[in-house]
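Raw contents of data.cif, mmCIF, C-alpha atoms:
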data_structure
#
loop_
_atom_site.label_atom_id
_atom_site.label_comp_id
_atom_site.auth_asym_id
_atom_site.auth_seq_id
_atom_site.Cartn_x
_atom_site.Cartn_y
_atom_site.Cartn_z
CA MET A 28 0.00 0.00 0.00
CA SER A 29 1.35 3.39 -0.97
CA LYS A 30 1.85 6.30 1.44
CA LEU A 31 -0.99 8.22 -0.23
CA ASP A 32 -3.43 5.39 0.40
CA GLU A 33 -2.40 5.24 4.09
CA ASP A 34 -3.06 8.99 4.58
CA LYS A 35 -6.54 8.64 3.18
CA GLY A 36 -7.46 6.44 6.12
CA ILE A 37 -6.45 9.03 8.76
CA VAL A 38 -9.41 10.85 10.29
CA TYR A 39 -8.96 13.87 12.64
CA CYS A 40 -11.48 14.51 15.40
CA ASN A 41 -12.21 17.76 17.31
CA ARG A 42 -9.74 16.84 20.07
CA VAL A 43 -6.76 16.93 17.74
CA ARG A 44 -4.86 20.29 17.85
CA LEU A 45 -3.00 21.53 14.81
CA GLY A 46 -0.39 24.26 14.39
CA ASN A 47 1.36 26.22 17.17
CA TRP A 48 -1.44 25.66 19.65
CA TYR A 49 0.88 25.33 22.65
CA GLU A 50 2.70 28.59 21.89
CA ALA A 51 -0.62 30.40 21.34
CA THR A 52 -1.96 29.19 24.69
CA LYS A 53 1.16 30.29 26.55
CA LEU A 54 1.09 33.69 24.80
CA GLU A 55 -2.49 34.30 25.93
CA GLU A 56 -1.56 33.35 29.50
CA TYR A 57 1.41 35.75 29.37
CA LYS A 58 -0.77 38.59 28.11
CA LEU A 59 -3.34 37.95 30.84
CA HIS A 60 -0.72 37.88 33.61
CA LYS A 61 0.91 41.03 32.22
CA PHE A 62 -2.45 42.83 32.16
CA LEU A 63 -3.23 41.81 35.75
CA ARG A 64 0.24 42.88 36.88
CA GLN A 65 -0.09 46.29 35.20
CA MET A 66 -3.58 46.74 36.64
CA THR A 67 -2.29 46.01 40.15
CA LYS A 68 0.61 48.46 39.82
CA GLY A 69 -1.50 51.13 38.10
CA ASP A 70 0.57 51.01 34.89
CA LEU A 71 -2.39 50.82 32.52
CA MET A 72 -2.94 53.91 30.37
CA LEU A 73 -6.47 54.32 31.72
CA ALA A 74 -5.16 54.27 35.30
CA LYS A 75 -2.45 56.78 34.41
CA PHE A 76 -5.01 59.08 32.81
CA ARG A 77 -7.27 58.91 35.86
CA LYS A 78 -4.35 59.68 38.19
CA MET A 79 -3.23 62.57 35.98
CA SER A 80 -6.78 63.98 35.89
CA ALA A 81 -7.03 63.78 39.68
CA ASN A 82 -3.73 65.65 40.06
CA LEU A 83 -4.23 68.35 37.42
CA ASN A 84 -7.96 69.01 37.80
CA LYS A 85 -8.01 69.14 41.59
CA PRO A 86 -9.96 72.33 42.48
CA THR A 87 -8.09 75.15 44.19
CA VAL A 88 -9.17 78.27 46.05
CA LEU A 89 -7.56 81.47 44.78
CA THR A 90 -6.59 84.27 47.14
CA GLN A 91 -9.52 86.54 47.94
CA SER A 92 -8.81 90.19 47.18
CA SER A 93 -10.75 93.30 46.23
CA GLY A 94 -7.77 95.55 45.52
CA SER A 95 -4.06 94.94 45.08
CA ILE A 96 -2.30 91.59 44.97
CA ALA A 97 0.52 90.56 47.32
CA PHE A 98 3.44 88.16 47.30
CA GLY A 99 2.41 84.67 48.36
CA ALA A 100 -1.06 84.98 46.83
CA LYS A 101 -2.57 82.16 44.81
CA ILE A 102 -3.54 83.57 41.44
CA ALA A 103 -4.37 82.56 37.88
CA LEU A 104 -3.22 84.41 34.77
CA LEU A 105 -6.11 85.14 32.43
CA ALA A 106 -5.93 86.42 28.85
CA PRO A 107 -9.44 87.93 28.76
CA HIS A 108 -9.58 89.29 25.21
CA VAL A 109 -8.57 86.26 23.13
CA PRO A 110 -10.98 83.61 21.76
CA ALA A 111 -11.37 80.54 23.96
CA SER A 112 -12.11 78.11 21.13
CA ASP A 113 -11.05 77.19 17.62
CA PRO A 114 -12.86 78.27 15.51
CA PRO A 115 -13.62 81.36 17.62
CA VAL A 116 -17.09 81.89 19.09
CA GLU A 117 -18.31 85.45 19.54
CA ASP A 118 -19.31 85.30 23.23
CA LYS A 119 -16.64 82.85 24.39
CA LYS A 120 -13.35 84.52 25.33
CA GLY A 121 -10.58 84.02 27.86
CA LEU A 122 -7.71 81.57 28.33
CA LEU A 123 -5.89 80.63 31.52
CA LEU A 124 -2.16 79.97 31.60
CA GLY A 125 -1.51 76.44 32.86
CA GLY A 126 0.67 73.37 32.70
CA ARG A 127 0.38 70.53 30.21
CA ILE A 128 1.36 66.86 30.27
CA SER A 129 2.03 65.37 26.85
CA SER A 130 1.23 61.85 25.65
CA ASN A 131 4.89 60.94 26.17
CA ASP A 132 5.22 62.49 29.63
CA ILE A 133 2.23 60.59 31.01
CA ASN A 134 4.16 57.31 30.75
CA TYR A 135 6.74 58.56 33.26
CA SER A 136 4.80 60.94 35.50
CA GLN A 137 1.16 61.80 36.09
CA ASP A 138 1.90 65.18 37.67
CA LEU A 139 3.53 68.36 36.41
CA GLU A 140 7.29 67.99 36.55
CA ASP A 141 10.43 69.83 35.49
CA GLY A 142 10.27 70.31 31.71
CA CYS A 143 6.49 70.22 31.24
CA SER A 144 5.23 72.86 28.82
CA VAL A 145 2.94 75.77 29.69
CA VAL A 146 -0.06 76.52 27.44
CA GLY A 147 -3.32 78.46 27.26
CA LEU A 148 -6.30 76.52 28.65
CA SER A 149 -9.93 77.21 27.78
CA ASN A 150 -11.29 75.86 31.08
CA LEU A 151 -11.57 78.86 33.42
CA GLU A 152 -12.17 76.86 36.60
CA PRO A 153 -9.25 77.27 39.06
CA ALA A 154 -7.36 73.99 39.34
CA GLU A 155 -3.89 72.80 40.29
CA ARG A 156 -2.61 73.01 36.72
CA ASN A 157 -3.45 76.72 36.32
CA THR A 158 -2.85 78.06 39.86
CA PHE A 159 0.38 79.93 40.54
CA VAL A 160 1.91 81.66 43.54
CA ILE A 161 3.68 85.01 43.26
CA THR A 162 7.15 84.49 44.73
CA SER A 163 9.91 86.96 45.44
CA ALA A 164 12.77 86.99 42.91
CA ASP A 165 15.39 88.61 45.20
CA TYR A 166 15.62 85.75 47.73
CA CYS A 167 13.90 87.87 50.40
CA ASN A 168 10.77 86.87 52.27
CA ARG A 169 8.23 89.32 50.88
CA GLU A 170 5.08 87.36 51.67
CA GLY A 171 2.25 89.77 52.33
CA GLU A 172 3.93 92.74 50.62
CA PRO A 173 1.98 94.21 47.68
CA LEU A 174 3.29 93.46 44.20
CA LYS A 175 4.20 96.68 42.39
CA TYR A 176 4.50 97.60 38.75
CA ASN A 177 7.94 96.86 37.26
CA GLN A 178 8.89 94.71 40.28
CA GLU A 179 10.46 91.35 39.48
CA PHE A 180 8.76 88.17 40.67
CA LEU A 181 8.63 84.43 40.00
CA LEU A 182 5.56 82.50 38.89
CA THR A 183 5.64 79.34 40.98
CA LEU A 184 3.30 76.42 40.38
CA ASN A 185 1.10 76.06 43.47
CA SER A 186 1.11 72.24 43.56
CA SER A 187 4.92 72.14 43.45
CA LEU A 188 5.42 74.08 46.69
CA GLU A 189 5.00 70.88 48.71
CA ARG A 190 8.05 69.39 46.99
CA LYS A 191 10.57 71.07 44.65
CA PRO A 192 9.14 74.41 43.43
CA LEU A 193 8.59 74.76 39.69
CA TYR A 194 8.83 78.15 37.96
CA VAL A 195 7.51 79.36 34.61
CA ARG A 196 10.56 79.78 32.38
CA TYR A 197 11.34 81.11 28.92
CA ASP A 198 14.71 80.54 27.25
CA PRO A 199 15.51 83.05 24.50
CA ASN A 200 17.13 81.87 21.25
CA PRO A 201 16.85 78.14 21.92
CA ILE A 202 18.24 75.50 19.60
CA PRO A 203 15.97 75.41 16.50
CA GLY A 204 13.30 72.78 16.98
CA LEU A 205 14.16 72.18 20.64
CA CYS A 206 11.13 73.86 22.24
CA GLY A 207 8.73 73.11 19.36
CA MET A 208 5.37 74.85 19.63
CA TYR A 209 5.65 75.68 23.32
CA PRO A 210 8.24 78.33 24.29
CA LEU A 211 7.28 78.28 27.98
CA TYR A 212 7.97 75.41 30.33
CA LEU A 213 8.27 74.62 34.04
CA SER A 214 11.74 74.63 35.55
CA LYS A 215 13.04 73.80 39.02
CA HIS A 216 15.91 76.29 38.71
CA PRO A 217 15.08 79.92 39.74
CA VAL A 218 17.44 81.53 37.23
CA SER A 219 17.18 84.87 35.43
CA ASN A 220 15.01 83.34 32.67
CA THR A 221 12.26 82.67 35.25
CA ARG A 222 11.89 86.33 36.28
CA TRP A 223 8.86 88.36 35.20
CA ARG A 224 7.40 91.79 35.88
CA VAL A 225 4.04 93.49 35.51
CA LEU A 226 3.69 96.57 33.30
CA PRO A 227 0.58 98.75 32.98
CA ILE A 228 -1.08 98.93 29.60
CA GLN A 229 -0.56 102.02 27.47
CA LYS A 230 -3.09 104.74 28.37
CA PRO A 231 -3.59 108.14 26.77
CA ASN A 232 -3.94 110.01 30.07
CA ILE A 233 -1.06 108.51 32.08
CA THR A 234 2.36 107.10 31.30
CA ARG A 235 3.99 103.91 32.50
CA PHE A 236 6.65 105.94 34.25
CA GLU A 237 4.01 107.58 36.44
CA LEU A 238 2.56 104.18 37.46
CA GLU A 239 5.90 102.57 38.29
CA GLY A 240 6.00 101.52 41.93
CA LYS A 241 2.20 101.56 42.32
CA PRO A 242 0.48 98.35 43.57
CA VAL A 243 -0.87 96.00 40.91
CA GLU A 244 -4.65 95.72 40.98
CA VAL A 245 -6.44 92.42 40.47
CA ASN A 246 -8.75 91.76 37.52
CA THR A 247 -7.41 94.76 35.57
CA ASP A 248 -5.63 94.69 32.21
CA ILE A 249 -1.85 94.42 32.52
CA VAL A 250 1.17 93.32 30.51
CA ILE A 251 3.43 90.46 31.63
CA ASN A 252 7.01 91.18 30.62
CA HIS A 253 10.00 88.84 30.62
CA CYS A 254 12.85 90.53 32.48
CA ALA A 255 15.77 88.86 30.70
CA THR A 256 14.58 89.56 27.15
CA ASN A 257 12.15 92.50 27.58
CA VAL A 258 9.51 90.76 25.44
CA ASN A 259 5.87 90.40 26.44
CA LEU A 260 4.03 87.22 27.19
CA GLY A 261 1.18 86.60 24.79
CA ILE A 262 -1.15 84.04 23.27
CA ASN A 263 -0.74 82.74 19.72
CA VAL A 264 -4.41 82.70 18.72
CA GLY A 265 -3.55 81.16 15.34
CA CYS A 266 -1.87 78.06 16.75
CA TRP A 267 -3.97 75.42 18.51
CA ALA A 268 -3.13 71.82 19.40
CA MET A 269 -4.99 68.84 20.78
CA GLY A 270 -4.56 67.80 24.40
CA PHE A 271 -6.07 65.22 26.72
CA TYR A 272 -8.97 67.56 27.56
CA GLY A 273 -9.58 69.15 24.17
CA LYS A 274 -7.91 71.92 22.24
CA LEU A 275 -5.31 74.17 23.85
CA CYS A 276 -3.60 77.33 22.60
CA THR A 277 0.14 77.89 22.44
CA PRO A 278 1.82 80.86 24.19
CA LEU A 279 3.73 83.51 22.30
CA MET A 280 6.79 85.43 23.48
CA LYS A 281 6.55 88.57 21.37
CA THR A 282 5.69 92.22 21.91
CA CYS A 283 2.67 92.84 19.67
CA LEU A 284 1.80 96.52 19.12
CA ASP A 285 -0.68 98.36 16.92
CA VAL A 286 0.10 101.46 14.86
CA TYR A 287 -0.37 103.62 17.96
CA GLY A 288 2.15 101.65 20.04
CA ARG A 289 -0.48 99.97 22.20
CA GLU A 290 -0.45 96.28 23.07
CA LEU A 291 -2.70 94.03 21.05
CA PRO A 292 -5.34 91.88 22.84
CA ASN A 293 -3.15 88.76 22.75
CA ASN A 294 -0.53 90.60 24.87
CA ILE A 295 -3.00 91.68 27.58
CA TRP A 296 -3.47 89.67 30.79
CA GLN A 297 -5.27 89.91 34.10
CA ILE A 298 -4.31 88.60 37.53
CA TYR A 299 -7.49 86.65 37.92
CA VAL A 300 -8.75 86.22 41.47
CA PRO A 301 -12.32 86.27 42.80
CA ILE A 302 -13.52 89.64 44.03
CA ALA A 303 -14.16 89.55 47.77
CA SER A 304 -17.71 90.50 48.68
#
Final structure tokens representation of the file:
Amino acid sequence: MSKLDEDKGIVYCNRVRLGNWYEATKLEEYKLHKFLRQMTKGDLMLAKFRKMSANLNKPTVLTQSSGSIAFGAKIALLAPHVPASDPPVEDKKGLLLGGRISSNDINYSQDLEDGCSVVGLSNLEPAERNTFVITSADYCNREGEPLKYNQEFLLTLNSSLERKPLYVRYDPNPIPGLCGMYPLYLSKHPVSNTRWRVLPIQKPNITRFELEGKPVEVNTDIVINHCATNVNLGINVGCWAMGFYGKLCTPLMKTCLDVYGRELPNNIWQIYVPIAS
């Protein structure tokens, strides 16, 4: 009898396994054990996102004030005259300056760390990611003293005060392509590039020189100026990107003036705190 005739008599039943069935079974077991191990340690992307959301979106209480603002106050920086959405909506304006965690950063940390970028956020609710503390830039304890026009200060992230403080920083003339779309980032080093000052907006009836040394009022239009480069902090209303919580706007380090030498709306900010009743 030939080999072909012998094979014709072989009948396979449902209990016979063909192919790499053993390897496939072991691979499924490995994937299951890996999933359970990651779920226990909190390494799953869903768990990381939930932890990040709990850290960044934790509500905060800003410093109550009805007049000037002082060192040590918890504040938020609001750009009140720029559109809060893309495309712009007529009655929806205002962006808060806040920290951002990218899709790469979330794999290593679920909280704002050294190197995280700073962007414009459309959500105006005070939270840990957009709450800053005005800190003295001359290494003196000035807590409680009023912040004055043209006085240097540091913008410190509120949630970082419990560990290593993080400051809003801008590095002029970086390596091309190094900072990408986001020129501002958080830094743990309080160097000269982390120093800022408040300037009054240009007015026809009073000069900036006359207002120098006066206390900075809350919820009034001001200009945030970078001390090391003398350029103004602004919002790039033409550049939006996607984040974990929707679209966000990129900052702009540029002094934008009209034909009369006045700052454009994307260069105007407010120290946003609730008005005390």
Using the file's own x, y and z axes, so that the box edges lie along x, y and z, what centre and edge lengths in Å (one decimal) does a box around every listed atom of region 168-177 of chain A get when 3 Å is added on each side? Give it as JSON.
{"center_x": 6.4, "center_y": 92.2, "center_z": 44.8, "size_x": 14.8, "size_y": 16.7, "size_z": 21.1}
Item to complete: Given the file shown, enumerate the residues that the PyMOL selection byres ((chain A and resi 226) around 10) captures and present them as a PyMOL selection string.
Response: chain A and resi 175-178+223-225+227-229+235-236+238-239+243+248-252+259
Kindly resolve the PyMOL selection byres ((chain A and resi 281) around 12) on the present coordinates and return the residues as a PDB file with C-alpha atoms, in the coordinates of the input.
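Generated file (result32.pdb):
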ATOM      1  CA  TYR A 197      11.340  81.110  28.920  1.00  0.00           C
ATOM      2  CA  PRO A 199      15.510  83.050  24.500  1.00  0.00           C
ATOM      3  CA  PRO A 210       8.240  78.330  24.290  1.00  0.00           C
ATOM      4  CA  VAL A 250       1.170  93.320  30.510  1.00  0.00           C
ATOM      5  CA  ILE A 251       3.430  90.460  31.630  1.00  0.00           C
ATOM      6  CA  ASN A 252       7.010  91.180  30.620  1.00  0.00           C
ATOM      7  CA  HIS A 253      10.000  88.840  30.620  1.00  0.00           C
ATOM      8  CA  THR A 256      14.580  89.560  27.150  1.00  0.00           C
ATOM      9  CA  ASN A 257      12.150  92.500  27.580  1.00  0.00           C
ATOM     10  CA  VAL A 258       9.510  90.760  25.440  1.00  0.00           C
ATOM     11  CA  ASN A 259       5.870  90.400  26.440  1.00  0.00           C
ATOM     12  CA  LEU A 260       4.030  87.220  27.190  1.00  0.00           C
ATOM     13  CA  GLY A 261       1.180  86.600  24.790  1.00  0.00           C
ATOM     14  CA  ILE A 262      -1.150  84.040  23.270  1.00  0.00           C
ATOM     15  CA  ASN A 263      -0.740  82.740  19.720  1.00  0.00           C
ATOM     16  CA  PRO A 278       1.820  80.860  24.190  1.00  0.00           C
ATOM     17  CA  LEU A 279       3.730  83.510  22.300  1.00  0.00           C
ATOM     18  CA  MET A 280       6.790  85.430  23.480  1.00  0.00           C
ATOM     19  CA  THR A 282       5.690  92.220  21.910  1.00  0.00           C
ATOM     20  CA  CYS A 283       2.670  92.840  19.670  1.00  0.00           C
ATOM     21  CA  LEU A 284       1.800  96.520  19.120  1.00  0.00           C
ATOM     22  CA  GLU A 290      -0.450  96.280  23.070  1.00  0.00           C
ATOM     23  CA  LEU A 291      -2.700  94.030  21.050  1.00  0.00           C
ATOM     24  CA  ASN A 293      -3.150  88.760  22.750  1.00  0.00           C
ATOM     25  CA  ASN A 294      -0.530  90.600  24.870  1.00  0.00           C
ATOM     26  CA  ILE A 295      -3.000  91.680  27.580  1.00  0.00           C
TER      27      ILE A 295
END
Worksheet item: Any idea what the distance is between CA of Leu275 (chain A) and CA of Val146 (chain A)?
Response: 6.8 Å
Fill in: Pick from A:Phe62, A:Ala154, A:Ser95, A:Val116, whichever lies nearest to Lys241 (chain A) using all atoms listed in the file
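Selected residue with least distance to Lys241 (chain A): A:Ser95.
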Discussion item. What does the structure give for the distance between CA of Arg156 (chain A) and CA of Pro292 (chain A), in Å to one decimal?
Written reply: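 So the answer is 23.6 Å.
Across the structure, CA of Thr162 (chain A) and CA of Leu181 (chain A) are spaced 5.0 Å apart.
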